[in-house]
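Each remark here refers to the structure printed beneath this line.
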Amino acid sequence: MTAAAHLDAPSGPRIEFAGIDLTLGRTRILEQVSFNVAAGSVHAIVGPNGGGKSSLIKTLLGQMPHQGQLTLHWPSALEVIGYVPQALEFDRGLPMTVDDFMAAMCQRRPAFLGLSRRVQPAIDAALARVGMLDKRKRRMGALSGGERQRVLLAQGLIPEPQLLVLDEPMSALDEAGIQVFEQLLHSWRQSGTTVLWIEHDLQAVLRLADRVTGLSRQVLFDAPPVQALTPERLLSLFSVHPRSESLA
Amino acid sequence: MSRAQVVRPAGAGHETLYVLLVSLLIVILAATVVMLRGEREDEQAIASHQIDARRDLTAAEQGLYTDLRVAFDEIQLLREETAAVPSVQALADEGLPPFVVDAGSQSRGSHQWSWLETGAYLGRSQAPQVAGSLLLILPGDSSGQADVWLRRDSAAVTPDDLGHAALIAAGWQQVVSHYDAGVTREHRH
């Protein structure tokens, strides 16, 4: 992590996972997961499907009956968590425009009454940052997958978060969207926002993350990407029987 | 300024506890209000010399009692018009039950009605097992309430004194009716 790049002290929290266990029904999803996410860093989580990445994020958001100690150390009074889900499930025929969606996510006023004057500038700015300003009157169902993902990114920006939780944001993004995302990631790093980021694209992780954790039910490695993303470790991470391998 | 926020496990545990506590609070509050402010209206005791019009009368007596109350209103109107108490014959001519003699009156005990100068109509029953003798005491003015007394033994002598004590001593029972919870609730004595 390049602390010198920060303009000032990180505004994002440090996250401490200590011995997190998660069992749903009879399935053990997480087993003694312990690692730290440094304040203001971009922390990637990689791992196979069903490895518990999304469950870990839901645990962080307080939606799972986990065991163990999960602590967020906030440096300031601002405690906003932004969350960008993997995908949005809704009926494609739903007559909901991008503006309606943003209104529903960002304001208390009912969306059918239009954008609230208080959040309108923030919504304009967020849509501009993801390059969706000219498509704000389009139906959500009529957008492409990448455009929809950009709108999801935009709602994660309001109000300005100190911790961003991203669940595979790049999987649906088109090339322009990936550029937008990289710019956003850069600005978050600049402002000291902590980013917890689930990603499949290991190339992108190598290029953009400060630290990477390999998760397949348990933590298999937790190191800077250059050290962590070696062929042996990746082979063991994505192997069918990763638990039989020794921890890297 | 920094703060450590511990993410608590999601689960219905504490919510269930809160809901239970709130339910308990509501029950306790409701119970307190009922205890402090509740009134047992269904426990209206009637005196030993009284008889309950709804439960303790025979079918014929109930019919007679109802008719007497209707006739009482007519009697009060006639009293206002003529400034005199109408005679039994006048009431029978008007066709007012129970004073009129017809098949109905015969099946309900063939009461023989007479006016007592002390201020009451007396109906002597000819069949005490069907319906007892009845006494309708008129109030002093035209605005009072009807007062009906019942006596079931066959030796229905004419009461000399219409005072309560004298009537009770002679074996008469005052017919009273209450409107209480027992009207809508099955309530066996």
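Naming scheme: A, B, ... for chains in displayed order of the structure tokens; residues 1 onward per chain; ligands 1 onward as shown.
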Long-range neighbours of region 43-50 of chain A as an MDAnalysis selection string, 6 Å cut-off, only C-alpha atoms, 4 positions minimum in chain
chainID A and resid 195:199 209:216 238
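The list of chain A residues within 10 Å of chain B is A:Pro13, A:Arg14, A:Ile15, A:Glu16, A:Leu22, A:Lys58, A:Thr59, A:Leu60, A:Leu61, A:Gly62, A:Gln63, A:Met64, A:Pro65, A:His66, A:Gln67, A:Gly68, A:Gln69, A:Leu70, A:Thr71, A:Leu72, A:His73, A:Trp74, A:Pro75, A:Ser76, A:Ala77, A:Leu78, A:Glu79; this uses only C-alpha atoms.
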Using backbone DSSP assignments, extract all strand (DSSP E) residues from chain B; output them as an mmCIF file with N, CA and C atoms, in the first residue's frame.
```cif
data_model
loop_
_atom_site.group_PDB
_atom_site.id
_atom_site.type_symbol
_atom_site.label_atom_id
_atom_site.label_comp_id
_atom_site.auth_asym_id
_atom_site.auth_seq_id
_atom_site.Cartn_x
_atom_site.Cartn_y
_atom_site.Cartn_z
ATOM 1 N N ARG B 3 -13.676 5.067 16.297
ATOM 2 C CA ARG B 3 -14.672 4.238 16.963
ATOM 3 C C ARG B 3 -14.562 2.828 16.397
ATOM 4 N N ALA B 4 -14.614 1.852 17.266
ATOM 5 C CA ALA B 4 -14.624 0.470 16.805
ATOM 6 C C ALA B 4 -16.068 -0.012 16.782
ATOM 7 N N GLN B 5 -16.487 -0.430 15.612
ATOM 8 C CA GLN B 5 -17.859 -0.923 15.485
ATOM 9 C C GLN B 5 -17.811 -2.423 15.288
ATOM 10 N N VAL B 6 -18.406 -3.141 16.197
ATOM 11 C CA VAL B 6 -18.432 -4.597 16.078
ATOM 12 C C VAL B 6 -19.675 -4.977 15.282
ATOM 13 N N GLN B 50 -87.067 -9.502 45.228
ATOM 14 C CA GLN B 50 -87.269 -9.174 43.817
ATOM 15 C C GLN B 50 -87.173 -10.438 42.975
ATOM 16 N N ILE B 51 -87.716 -10.335 41.774
ATOM 17 C CA ILE B 51 -87.678 -11.487 40.865
ATOM 18 C C ILE B 51 -87.269 -10.965 39.499
ATOM 19 N N ASP B 52 -86.374 -11.685 38.849
ATOM 20 C CA ASP B 52 -85.793 -11.195 37.603
ATOM 21 C C ASP B 52 -86.764 -11.434 36.453
ATOM 22 N N GLN B 112 -108.206 -11.990 36.560
ATOM 23 C CA GLN B 112 -109.371 -11.116 36.762
ATOM 24 C C GLN B 112 -108.848 -9.803 37.305
ATOM 25 N N TRP B 113 -109.016 -8.776 36.469
ATOM 26 C CA TRP B 113 -108.397 -7.496 36.803
ATOM 27 C C TRP B 113 -109.391 -6.633 37.572
ATOM 28 N N SER B 114 -108.855 -5.920 38.553
ATOM 29 C CA SER B 114 -109.697 -4.985 39.301
ATOM 30 C C SER B 114 -108.846 -3.790 39.702
ATOM 31 N N TRP B 115 -109.496 -2.667 39.921
ATOM 32 C CA TRP B 115 -108.804 -1.437 40.338
ATOM 33 C C TRP B 115 -108.884 -1.336 41.841
ATOM 34 N N LEU B 116 -107.742 -1.162 42.476
ATOM 35 C CA LEU B 116 -107.719 -0.982 43.920
ATOM 36 C C LEU B 116 -107.657 0.511 44.212
ATOM 37 N N ALA B 120 -103.686 0.841 42.458
ATOM 38 C CA ALA B 120 -103.024 -0.223 41.718
ATOM 39 C C ALA B 120 -104.065 -1.061 40.976
ATOM 40 N N TYR B 121 -103.624 -1.696 39.902
ATOM 41 C CA TYR B 121 -104.440 -2.690 39.216
ATOM 42 C C TYR B 121 -104.014 -4.050 39.725
ATOM 43 N N LEU B 122 -104.962 -4.869 40.112
ATOM 44 C CA LEU B 122 -104.647 -6.197 40.609
ATOM 45 C C LEU B 122 -105.238 -7.209 39.639
ATOM 46 N N GLY B 123 -104.415 -8.154 39.184
ATOM 47 C CA GLY B 123 -104.891 -9.237 38.330
ATOM 48 C C GLY B 123 -104.802 -10.531 39.086
ATOM 49 N N ARG B 124 -105.943 -11.081 39.465
ATOM 50 C CA ARG B 124 -105.927 -12.342 40.218
ATOM 51 C C ARG B 124 -105.862 -13.493 39.242
ATOM 52 N N SER B 133 -100.397 -14.151 40.298
ATOM 53 C CA SER B 133 -101.177 -12.917 40.304
ATOM 54 C C SER B 133 -100.235 -11.733 40.151
ATOM 55 N N LEU B 134 -100.764 -10.689 39.489
ATOM 56 C CA LEU B 134 -99.921 -9.533 39.201
ATOM 57 C C LEU B 134 -100.553 -8.279 39.764
ATOM 58 N N LEU B 135 -99.655 -7.360 40.160
ATOM 59 C CA LEU B 135 -100.105 -6.098 40.734
ATOM 60 C C LEU B 135 -99.344 -4.984 40.026
ATOM 61 N N LEU B 136 -100.079 -4.080 39.393
ATOM 62 C CA LEU B 136 -99.438 -2.937 38.724
ATOM 63 C C LEU B 136 -99.728 -1.697 39.554
ATOM 64 N N ILE B 137 -98.680 -1.211 40.231
ATOM 65 C CA ILE B 137 -98.860 -0.035 41.090
ATOM 66 C C ILE B 137 -98.573 1.208 40.266
ATOM 67 N N ASP B 147 -94.592 -0.086 38.418
ATOM 68 C CA ASP B 147 -94.040 -0.962 39.450
ATOM 69 C C ASP B 147 -94.908 -2.216 39.461
ATOM 70 N N VAL B 148 -94.321 -3.353 39.060
ATOM 71 C CA VAL B 148 -95.103 -4.577 38.907
ATOM 72 C C VAL B 148 -94.653 -5.584 39.974
ATOM 73 N N TRP B 149 -95.641 -6.167 40.627
ATOM 74 C CA TRP B 149 -95.346 -7.168 41.655
ATOM 75 C C TRP B 149 -96.028 -8.479 41.278
ATOM 76 N N LEU B 150 -95.482 -9.567 41.789
ATOM 77 C CA LEU B 150 -95.967 -10.890 41.410
ATOM 78 C C LEU B 150 -96.152 -11.723 42.677
ATOM 79 N N ARG B 151 -97.212 -12.508 42.647
ATOM 80 C CA ARG B 151 -97.405 -13.436 43.772
ATOM 81 C C ARG B 151 -97.936 -14.731 43.214
ATOM 82 N N GLN B 173 -93.592 -10.397 45.239
ATOM 83 C CA GLN B 173 -92.222 -10.191 44.764
ATOM 84 C C GLN B 173 -92.239 -9.114 43.687
ATOM 85 N N GLN B 174 -91.261 -8.198 43.779
ATOM 86 C CA GLN B 174 -91.191 -7.123 42.791
ATOM 87 C C GLN B 174 -90.497 -7.637 41.523
ATOM 88 N N VAL B 175 -91.123 -7.398 40.372
ATOM 89 C CA VAL B 175 -90.528 -7.838 39.105
ATOM 90 C C VAL B 175 -89.572 -6.747 38.629
ATOM 91 N N VAL B 176 -88.317 -7.089 38.482
ATOM 92 C CA VAL B 176 -87.322 -6.101 38.022
ATOM 93 C C VAL B 176 -86.591 -6.666 36.816
#
```
Contacts of Gly40 (chain A) at 9 Å or less, counting only C-alpha atoms, minus same-chain residues fewer than 5 places along, as a PyMOL selection string?
chain A and resi 1+3+6+9-14+162-163+188-195
Mind pulling up the distance from CA of His111 (chain B) to CA of Leu96 (chain B)?
13.6 Å
All helix (DSSP H, G or I) residues (DSSP, backbone) inside region 103-189 of chain B, as a PDB file with N, CA and C atoms, in the first residue's frame:
```
ATOM      1  N   ALA B 103    -108.884 -15.166  24.032  1.00  0.00           N
ATOM      2  CA  ALA B 103    -108.249 -16.487  24.102  1.00  0.00           C
ATOM      3  C   ALA B 103    -106.856 -16.385  24.701  1.00  0.00           C
ATOM      4  N   GLY B 104    -106.172 -15.284  24.370  1.00  0.00           N
ATOM      5  CA  GLY B 104    -104.826 -15.094  24.893  1.00  0.00           C
ATOM      6  C   GLY B 104    -104.820 -14.983  26.399  1.00  0.00           C
ATOM      7  N   SER B 105    -105.716 -14.187  26.913  1.00  0.00           N
ATOM      8  CA  SER B 105    -105.722 -13.990  28.362  1.00  0.00           C
ATOM      9  C   SER B 105    -106.106 -15.282  29.075  1.00  0.00           C
ATOM     10  N   GLN B 106    -106.974 -16.084  28.424  1.00  0.00           N
ATOM     11  CA  GLN B 106    -107.375 -17.340  29.066  1.00  0.00           C
ATOM     12  C   GLN B 106    -106.219 -18.325  29.112  1.00  0.00           C
ATOM     13  N   SER B 107    -105.407 -18.350  28.063  1.00  0.00           N
ATOM     14  CA  SER B 107    -104.289 -19.292  28.071  1.00  0.00           C
ATOM     15  C   SER B 107    -103.186 -18.836  29.007  1.00  0.00           C
ATOM     16  N   HIS B 164     -93.862  -1.112  50.246  1.00  0.00           N
ATOM     17  CA  HIS B 164     -92.990  -2.245  49.934  1.00  0.00           C
ATOM     18  C   HIS B 164     -92.957  -3.258  51.073  1.00  0.00           C
ATOM     19  N   ALA B 165     -92.809  -2.748  52.293  1.00  0.00           N
ATOM     20  CA  ALA B 165     -92.653  -3.656  53.426  1.00  0.00           C
ATOM     21  C   ALA B 165     -93.882  -4.538  53.590  1.00  0.00           C
ATOM     22  N   ALA B 166     -95.037  -3.921  53.431  1.00  0.00           N
ATOM     23  CA  ALA B 166     -96.271  -4.679  53.611  1.00  0.00           C
ATOM     24  C   ALA B 166     -96.428  -5.714  52.519  1.00  0.00           C
ATOM     25  N   LEU B 167     -96.081  -5.336  51.275  1.00  0.00           N
ATOM     26  CA  LEU B 167     -96.194  -6.279  50.149  1.00  0.00           C
ATOM     27  C   LEU B 167     -95.239  -7.451  50.337  1.00  0.00           C
ATOM     28  N   ILE B 168     -94.025  -7.139  50.764  1.00  0.00           N
ATOM     29  CA  ILE B 168     -93.036  -8.204  50.968  1.00  0.00           C
ATOM     30  C   ILE B 168     -93.532  -9.150  52.058  1.00  0.00           C
ATOM     31  N   ALA B 169     -94.062  -8.546  53.101  1.00  0.00           N
ATOM     32  CA  ALA B 169     -94.550  -9.370  54.204  1.00  0.00           C
ATOM     33  C   ALA B 169     -95.690 -10.265  53.747  1.00  0.00           C
ATOM     34  N   ALA B 181     -74.636  -7.725  31.147  1.00  0.00           N
ATOM     35  CA  ALA B 181     -73.919  -8.591  30.209  1.00  0.00           C
ATOM     36  C   ALA B 181     -74.648  -9.901  29.985  1.00  0.00           C
ATOM     37  N   GLY B 182     -75.480 -10.298  30.963  1.00  0.00           N
ATOM     38  CA  GLY B 182     -76.212 -11.558  30.827  1.00  0.00           C
ATOM     39  C   GLY B 182     -77.220 -11.530  29.691  1.00  0.00           C
ATOM     40  N   VAL B 183     -77.548 -10.330  29.190  1.00  0.00           N
ATOM     41  CA  VAL B 183     -78.492 -10.244  28.080  1.00  0.00           C
ATOM     42  C   VAL B 183     -77.933 -10.951  26.860  1.00  0.00           C
TER      43      VAL B 183
END
```
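One distance worth recording is that between CA of Asp99 (chain A) and CA of Lys137 (chain A), which is 6.4 Å.
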For Arg92 (chain A): contacts at 10 Å, only C-alpha atoms, fewer than 6 positions along chain excluded, given as a list in words
Arg139, Met140, Gly141, Ala142 and Leu143 of chain A
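For the pair CA of Asp91 (chain A) and CA of Gln155 (chain A), the interatomic distance is 19.0 Å.
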